[in-house]
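Asks: Dumping the structure here so I can ask a few things about it.
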Number of protein chains: 2
Amino acid sequence: MATLRDIFKNFIARPETEDGIFSEDEVRLANRNSGTLLETLKHNITPTGLHYLLIHFDVPSIDAPSHKLVFGKGFNAPYALTLDDIRALPRQTMPVTLECAGNGRTGMSPRTHSMPWGVEAVGTSAWTGTLLAPLIERAQPKNGTVEIVFSGADRGFDKGVEHAFGRSLTLQQLAELDVLLVHEMNGQPLLPQHGAPLRIIVPGWYGMASVKWLSTIEATDTPYQGYQQVRTYRYRDHKDDEGRPVTTMRVKSLMAPPGIPDWVTRLRHLRAGPVTIAGRAWSGGGVAISKVEFNDGLGWQDATLTAPKGQYDWTGWTIDWNATPGEHVLSCRATDLNGEIQPLEPRWDASGFGNNAVQKVQVFVDSN
Amino acid sequence: MATLRDIFKNFIARPETEDGIFSEDEVRLANRNSGTLLETLKHNITPTGLHYLLIHFDVPSIDAPSHKLVFGKGFNAPYALTLDDIRALPRQTMPVTLECAGNGRTGMSPRTHSMPWGVEAVGTSAWTGTLLAPLIERAQPKNGTVEIVFSGADRGFDKGVEHAFGRSLTLQQLAELDVLLVHEMNGQPLLPQHGAPLRIIVPGWYGMASVKWLSTIEATDTPYQGYQQVRTYRYRDHKDDEGRPVTTMRVKSLMAPPGIPDWVTRLRHLRAGPVTIAGRAWSGGGVAISKVEFNDGLGWQDATLTAPKGQYDWTGWTIDWNATPGEHVLSCRATDLNGEIQPLEPRWDASGFGNNAVQKVQVFVDSN
C-alpha cells in the first residue's frame with residue numbers, strides 16, 4: 001500500500017507563480033485566513049473577530065476544563081497546570097501588536113505559492129495572562145538547556161512532513177522578552193481560532209512565535225529542529241538557501257484608506273476638501289516609533305503621533321489632508337527609534353517574509 | 001474636471017475569468033471577506049468571530065449611544081428608536097443559519113468576477129432582538145404601501161453606482177417571515193463587522209436580506225429600485241438578463257473534513273480505521289431537513305440527524321465511516337421536507353448565486 005507521502009507527492013509541489021494571477025489553493029487559503037479590515041486601523045484595539053488569522057492546520061477542539069499544559073521533557077521538576085491553575089496566577093494585560101511574517105507576500109515578485117496576503121495581516125489585542133518565565137524556572141530546566149520548545153495541539157502536513165506546530169526560543173531570548181502565557185483576549189476567554197484555551201504571546205516578534213493551542217513546553221540541550229523553526233519562517237535569498245531565522249517585526253505603518261470603496265476593486269472615492277487620514281505604525285522588539293510621514297505625491301509630511309499604551313502596542317497617527325480633485329496615490333512611512341525606516345519597495349524574500357514596504361492607496365477625488 | 005464616474009470607467013469593468021485562475025481583485029476580496037472554518041461545522045453555533053463575513057463596502061463607525069433607527073418616509077406616524085429603546089422591548093433569541101448567496105461561486109464555470117467563495121460562506125449564530133413587525137405597524141405605513149425598505153450606514157460604489165446598502169421586503173413577505181431587529185449575537189452586543197449596533201435578520205433567506213448597520217426604514221408604494229435589489233442578487237441566465245430575485249436559501253449540507261490537512265492544498269490525511277464524520281445541513285424558508293446522505297464513492301448511505309434548536313437553525317448530522325487505505329472523495333447530500341435535493345453539479349448562474357451542489361472532500365488514507 002502506498003504511504004501518504006507517496007500519494008501526496010503529486011499534490012504538494014508548490015507551483016511557480018505569476019504576478020497578478022493566483023491559484024485556487026491561494027484563494028482557498030485567503031478564504032480561511034482572514035485579514036484585519038483596514039478601516040479598523042482607526043481603533044487602537046482591533047475589534048474582536050477581526051484580528052488577522054493565520055492558521056496552518058485546523059483549529060483543534062480542546063476541552064478547556066480538562067486541558068493541561070505540560071512542562072515535560074528536559075526539566076528536573078516537570079509538572080502540569082490546568083487552566084484554573086493558570087487563572088489563579090498573577091495576571092497582567094498587555095496590548096500587543098502582532099503581524100504575520102508573510103504579510104505583504106503578494107507585493108513580492110516572484111512570490112512564493114502560499115497564503116497571498118496583501119497588507120492586512122496585522123492587529124492589536126489586549127492580551128491577558130501571566131508571565132511565562134517564572135513557570136519555566138519552577139520546572140527547572142536541566143543543565144545544558146539551550147532552548148525552550150513550545151508545541152501546539154494543531155497538527156498537519158507541510159511539504160509532506162507531518163508535525164504539530166512548534167517553535168522554540170533560546171534561554172537568552174526568553175530572558176529578554178516578556179513572554180506572556182495568555183488565556184484572555186480583549187477581556188474575554190481566548191476564542192478558539194486565537195488559541196483557546198492557552199497560547200503564548202511573544203511581544204515584538206512576528207506572529208509565528210506566539211504559539212496557539214499550547215499543549216507542551218519542553219527544554220532541550222540542542223537547537224530545536226521542528227519544521228516551523230528550521231524549514232520555514234527563515235529569510236532566504238533563494239529556495240535552497242538555509243536562511244536566517246525570522247524574529248522581530250520590521251518597522252511599518254498602514255493607513256485606513258479614506259473615502260468610500262468600490263466593491264470589487266476596493267479603489268477609493270472621496271469628495272474634494274479637508275479630510276483627516278488616520279493609521280497605525282509599529283516596529284519590532286519593543287522599539288518605539290519616532291516618526292510617521294504621509295505622502296500624497298507632493299512629498300513627505302510629518303504626521304501627528306499618539307502615544308502607544310505600552311511598549312508593544314502600535315502608535316496611532318493622523319494627518320489633515322486637503323483632497324484636491326483628481327487621482328492620487330497616498331502612502332505612509334514609519335521610522336523607529338533605531339533609525340530604521342520603511343523602504344519604498346519590498347526587499348525580496350524567497351518565501352515572501354518581512355515585507356515592510358510603504359503601503360500605497362489609490363484614491364479618486366471628485367470636485368463636486 | 002472629470003467626475004468620478006469618468007475616472008472609474010477604466011477601473012470598474014469586471015474582466016472575464018478563467019477556471020482555476022484568480023485575479024488580485026478576487027484575492028483582495030477573499031482576504032477581507034472571511035469564511036467559516038469548516039472544522040467548526042462540528043458545533044451548532046459558529047464560534048464568535050468565525051461566522052462568515054460578506055462586507056460590500058467598509059464597516060461603518062457608528063456611535064451606538066447616539067445612533068437612531070428612523071422609521072421615516074412613507075409612514076403616517078414616523079418615529080425613531082435608540083438602541084436603549086430597542087433593548088427595552090420584548091426580546092427573543094433565535095439560532096439562525098445564514099448563507100451568502102454567492103457561496104460556491106468558484107464552483108461555477110465560467111464564474112463571475114466577484115468574491116471567490118469556495119463552500120465556506122455559511123454560519124449559525126444565536127441572534128437576540130425584538131420582532132420587527134410590531135414596530136413597522138406602530139409607524140403606520142401609508143395607504144398603498146407595497147414594500148418596506150431597509151437601509152444601512154455602509155456606502156460605496158458598485159459598477160460606478162454610488163449607494164448605501166439597501167434591501168426591501170414586500171408587506172406579504174414581512175407578514176410571513178419572523179424578521180428580527182437584532183442587537184446581540186451569541187449573548188453579546190453585535191460586533192462591528194456583523195452590523196453593530198443594529199441589524200435585521202431575515203431567517204430562511206440568503207444573507208443579503210439581513211441588512212447590517214441598519215439606519216432607516218421606509219415604506220414605499222412602488223417596488224424598491226435600489227442597486228442591491230435590482231442590479232445584483234438576481235438569478236440570471238446571461239449577464240444582460242433582468243433576472244429573478246434571490247430569496248430563500250437552497251437545500252444544502254457540508255461536512256467537517258476528517259483527518260488533518262496539508263497546509264497549502266488543504267488536502268486531508270487520515271489513518272485507516274473507523275472515524276465519525278460530522279456536518280450540518282440546512283434549507284431555506286424554514287423548511288426542515290428530512291435526510292442527509294453520505295457517499296465515500298461506494299454509494300449513498302443515510303446519516304443520523306440531530307434535531308435543530310429552532311425552525312431556522314441548521315440540522316446536525318453524523319455518520320460512522322470505515323476509512324480504508326487509499327484515495328477517496330467524500331460527499332454529502334441533503335434533502336428537505338419539500339423533497340428538494342442537492343444537485344451533484346452546480347446549476348450555472350451568471351452572477352454565481354445559489355450554488356447548492358454537493359461538497360466534495362478529497363482524502364488520503366494511510367494503512368499504518
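Each chain in the C-alpha cells gets a letter, A, B, ..., in the order shown, and its residues are numbered from 1; ligands are numbered from 1 in order too.
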If you run DSSP on the backbone here, which positions in stretch 91-340 of chain B get alpha helix (DSSP H)? Please write them as a VMD selection string.

Replies: chain B and resid 133 to 139 171 to 176 227 to 230

Asks: Could you pull the residues within 12 Å of B:Pro274, counting only C-alpha atoms, minus those fewer than 4 positions along the same chain, as a ChimeraX atom specification?

Replies: /B:258-259,270,319-325,365

Asks: Using only C-alpha atoms, determine which residues of chain A fall within 6 Å of chain B; present them as a list of chain:residue names.

Replies: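 Listing them in order of chain and number gives A:Thr3, A:Leu4, A:Gly20, A:Ile21, A:Phe22, A:Ser23, A:Glu24, A:Asp25, A:Ala30, A:Asn31, A:Arg32, A:Ser34, A:Gly35, A:Gly49, A:His56, A:Phe57, A:Gly156, A:Phe157, A:Asp158, A:Ile260, A:Pro261, A:Asp262, A:Trp263, A:Thr265, A:Asp366.
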
Asks: Between atom CA of B:Leu174 and atom CA of B:Thr247, measure the distance and give it in Å to one decimal.

Replies: 12.8 Å

Asks: Might you pull out every residue within 7 Å of A:Thr220, with only C-alpha atoms counted and same-chain residues fewer than 5 positions away left off, and present them as a compact mmCIF listing (two decimals) with N, CA and C atoms, in the first residue's frame?

Replies:
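Output saved as part01.txt:
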```
# COMPACT_ATOMS: atom_id res chain seq x y z
N GLY A 74 13.00 17.37 29.59
CA GLY A 74 14.11 18.32 29.71
C GLY A 74 14.08 19.14 30.98
N THR A 145 20.61 23.10 29.06
CA THR A 145 19.47 23.55 28.25
C THR A 145 19.85 24.77 27.42
N VAL A 146 19.51 24.74 26.13
CA VAL A 146 19.78 25.90 25.28
C VAL A 146 18.49 26.56 24.78
N GLU A 147 17.45 25.75 24.64
CA GLU A 147 16.21 26.31 24.11
C GLU A 147 15.01 25.73 24.85
N ILE A 148 13.92 26.48 24.83
CA ILE A 148 12.64 26.00 25.33
C ILE A 148 11.71 25.87 24.11
```

Asks: Find the nearest atom pair between each residue of stretch 67-106 of chain B and stretch 286-304 of chain B for residues within 12 Å, count only C-alpha atoms, give distances in Å to one decimal, sort rows by chain and ascending number, and present the table as JSON lines.

Replies:
```
{"residue": "B:Pro95", "atom": "CA", "partner": "B:Gly286", "partner_atom": "CA", "distance": 11.9}
{"residue": "B:Val96", "atom": "CA", "partner": "B:Gly286", "partner_atom": "CA", "distance": 9.8}
{"residue": "B:Thr97", "atom": "CA", "partner": "B:Gly286", "partner_atom": "CA", "distance": 10.1}
{"residue": "B:Leu98", "atom": "CA", "partner": "B:Gly286", "partner_atom": "CA", "distance": 11.8}
```

Asks: Which of these, A:Thr306, A:Thr130, A:Ser215, A:Asn103, has the shortest distance to A:Phe353 once you count only C-alpha atoms?

Replies: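 For A:Phe353, the nearest of the candidates is A:Asn103.
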
Asks: As an MDAnalysis selection string, please: all residues of stretch 118-298 of chain B that backbone DSSP puts in strand (DSSP E).

Replies: chainID B and resid 122:131 147:158 161:170 180:185 188:189 199:201 214:220 234:235 244:245 252:255 260:261 268:271 273:282 289:295

Asks: Ranking A:Lys239, A:Arg333, A:Arg199, A:Arg234 by minimum distance to A:Glu16 and counting only C-alpha atoms, which one comes first?

Replies: A:Lys239

Asks: Let me make sure I understand: among A:Pro308, A:Gly152, A:Gly129, A:Gly166, which one has the smallest atom-to-atom distance to A:Gln188 if we use only C-alpha atoms?

Replies: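 Once distances to A:Gln188 are computed over only C-alpha atoms, the minimum belongs to A:Gly129.
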
Asks: Find the distance between atom CA of A:Ala209 and atom CA of A:Arg167 and write it in Å to one decimal.

Replies: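 If I compute the distance from atom CA of A:Ala209 to atom CA of A:Arg167, I get 6.3 Å.
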
Asks: In Å, rounded to a single decimal, give me how far atom CA of A:Cys100 is from atom CA of A:Ala357.

Replies: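 For atom CA of A:Ala357 relative to atom CA of A:Cys100, the distance reads 14.4 Å.
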
Asks: Identify, on the basis of only C-alpha atoms, every residue whose closest approach to A:Ala139 does not exceed 8 Å; exclude the query and any residue fewer than 4 positions from it along the same chain; express the result as a PyMOL selection string.

Replies: chain A and resi 71+75-79+135

Asks: Write to file, as a compact mmCIF listing (two decimals), in the first residue's frame, the residues of the selection just made, with C-alpha atoms.

Replies:
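Wrote it out as part_7.txt, contents follow:
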```
# COMPACT_ATOMS: atom_id res chain seq x y z
CA PHE A 71 6.14 21.17 31.38
CA PHE A 75 13.03 19.61 33.10
CA ASN A 76 14.22 18.41 36.51
CA ALA A 77 10.85 19.19 38.08
CA PRO A 78 8.25 18.51 35.38
CA TYR A 79 4.67 19.45 36.21
CA LEU A 135 6.75 28.97 35.35
```

Asks: May I ask which of the residues B:Pro90, B:Pro245, B:Gly339, B:Gly123 is the closest one to B:Leu180, counting only C-alpha atoms?

Replies: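 The closest residue to B:Leu180 is B:Pro90.
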
Asks: Show which residues sit within 12 Å of B:Thr128, as a list in words. Count only C-alpha atoms, and ignore same-chain residues fewer than 3 positions away.

Replies: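 Here the answer would be Ile86, Arg87, Leu89, Pro90, Arg91, Gln92, Thr93, Met94, Pro95, Val96, Ser125, Leu131, Val179, Leu180, Leu181, Val182, His183, Glu184, Met185, Asn186, Gly187, Gln188, Pro189, Leu190, Leu198, Arg199, Ile200 and Ile201 of chain B.
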
Asks: Those same residues, written as a CSV table (one decimal), in the first residue's frame with N, CA and C atoms?

Replies:
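This is the output file out_31.csv:
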```csv
chain,number,residue,atom,x,y,z
B,86,ILE,N,-34.7,50.1,22.0
B,86,ILE,CA,-34.9,48.7,21.4
B,86,ILE,C,-34.6,47.6,22.4
B,87,ARG,N,-33.5,47.9,23.2
B,87,ARG,CA,-33.2,46.9,24.3
B,87,ARG,C,-34.3,46.7,25.3
B,89,LEU,N,-37.4,46.6,24.6
B,89,LEU,CA,-38.6,46.0,24.0
B,89,LEU,C,-38.5,44.5,24.3
B,90,PRO,N,-39.7,43.8,24.2
B,90,PRO,CA,-39.7,42.3,24.4
B,90,PRO,C,-38.6,41.7,23.5
B,91,ARG,N,-37.8,40.8,24.1
B,91,ARG,CA,-36.7,40.2,23.4
B,91,ARG,C,-36.8,38.7,23.2
B,92,GLN,N,-36.3,38.3,22.1
B,92,GLN,CA,-36.2,36.8,21.8
B,92,GLN,C,-34.9,36.5,21.1
B,93,THR,N,-34.5,35.2,21.3
B,93,THR,CA,-33.2,34.7,20.8
B,93,THR,C,-33.5,33.6,19.8
B,94,MET,N,-33.0,33.7,18.6
B,94,MET,CA,-33.2,32.6,17.6
B,94,MET,C,-31.9,32.2,17.0
B,95,PRO,N,-31.6,30.9,17.0
B,95,PRO,CA,-30.5,30.4,16.2
B,95,PRO,C,-30.9,30.4,14.8
B,96,VAL,N,-30.2,31.2,13.9
B,96,VAL,CA,-30.5,31.3,12.5
B,96,VAL,C,-29.3,31.0,11.7
B,125,SER,N,-25.5,31.7,14.2
B,125,SER,CA,-25.4,32.4,15.4
B,125,SER,C,-26.7,32.4,16.1
B,131,LEU,N,-39.1,41.4,17.6
B,131,LEU,CA,-39.7,41.2,16.3
B,131,LEU,C,-40.0,42.6,15.7
B,179,VAL,N,-39.1,38.4,10.9
B,179,VAL,CA,-37.9,39.2,10.8
B,179,VAL,C,-37.6,39.8,12.2
B,180,LEU,N,-36.3,39.7,12.6
B,180,LEU,CA,-35.9,40.1,13.9
B,180,LEU,C,-35.0,41.4,13.8
B,181,LEU,N,-35.3,42.4,14.6
B,181,LEU,CA,-34.4,43.6,14.7
B,181,LEU,C,-33.4,43.2,15.8
B,182,VAL,N,-32.1,43.1,15.4
B,182,VAL,CA,-31.1,42.4,16.3
B,182,VAL,C,-30.1,43.3,16.8
B,183,HIS,N,-29.8,43.2,18.1
B,183,HIS,CA,-28.7,44.0,18.8
B,183,HIS,C,-27.7,43.1,19.5
B,184,GLU,N,-28.0,41.8,19.6
B,184,GLU,CA,-27.0,40.9,20.2
B,184,GLU,C,-26.8,39.6,19.4
B,185,MET,N,-25.6,39.1,19.6
B,185,MET,CA,-25.2,37.9,18.8
B,185,MET,C,-24.4,37.0,19.8
B,186,ASN,N,-24.9,35.8,19.9
B,186,ASN,CA,-24.2,34.8,20.8
B,186,ASN,C,-24.1,35.4,22.2
B,187,GLY,N,-25.1,36.2,22.7
B,187,GLY,CA,-25.2,36.7,24.0
B,187,GLY,C,-24.4,37.9,24.3
B,188,GLN,N,-23.8,38.5,23.2
B,188,GLN,CA,-23.0,39.7,23.4
B,188,GLN,C,-23.5,40.8,22.4
B,189,PRO,N,-23.2,42.1,22.7
B,189,PRO,CA,-23.6,43.1,21.7
B,189,PRO,C,-23.0,42.8,20.4
B,190,LEU,N,-23.8,43.1,19.3
B,190,LEU,CA,-23.3,42.8,18.0
B,190,LEU,C,-21.9,43.3,17.8
B,198,LEU,N,-27.1,47.8,15.2
B,198,LEU,CA,-28.4,47.2,14.9
B,198,LEU,C,-28.4,46.6,13.5
B,199,ARG,N,-29.1,45.5,13.3
B,199,ARG,CA,-29.3,44.9,12.0
B,199,ARG,C,-30.6,44.2,12.0
B,200,ILE,N,-31.0,43.7,10.8
B,200,ILE,CA,-32.1,42.8,10.8
B,200,ILE,C,-31.6,41.4,10.5
B,201,ILE,N,-32.3,40.4,10.9
B,201,ILE,CA,-32.1,39.0,10.5
B,201,ILE,C,-33.4,38.5,9.8
```
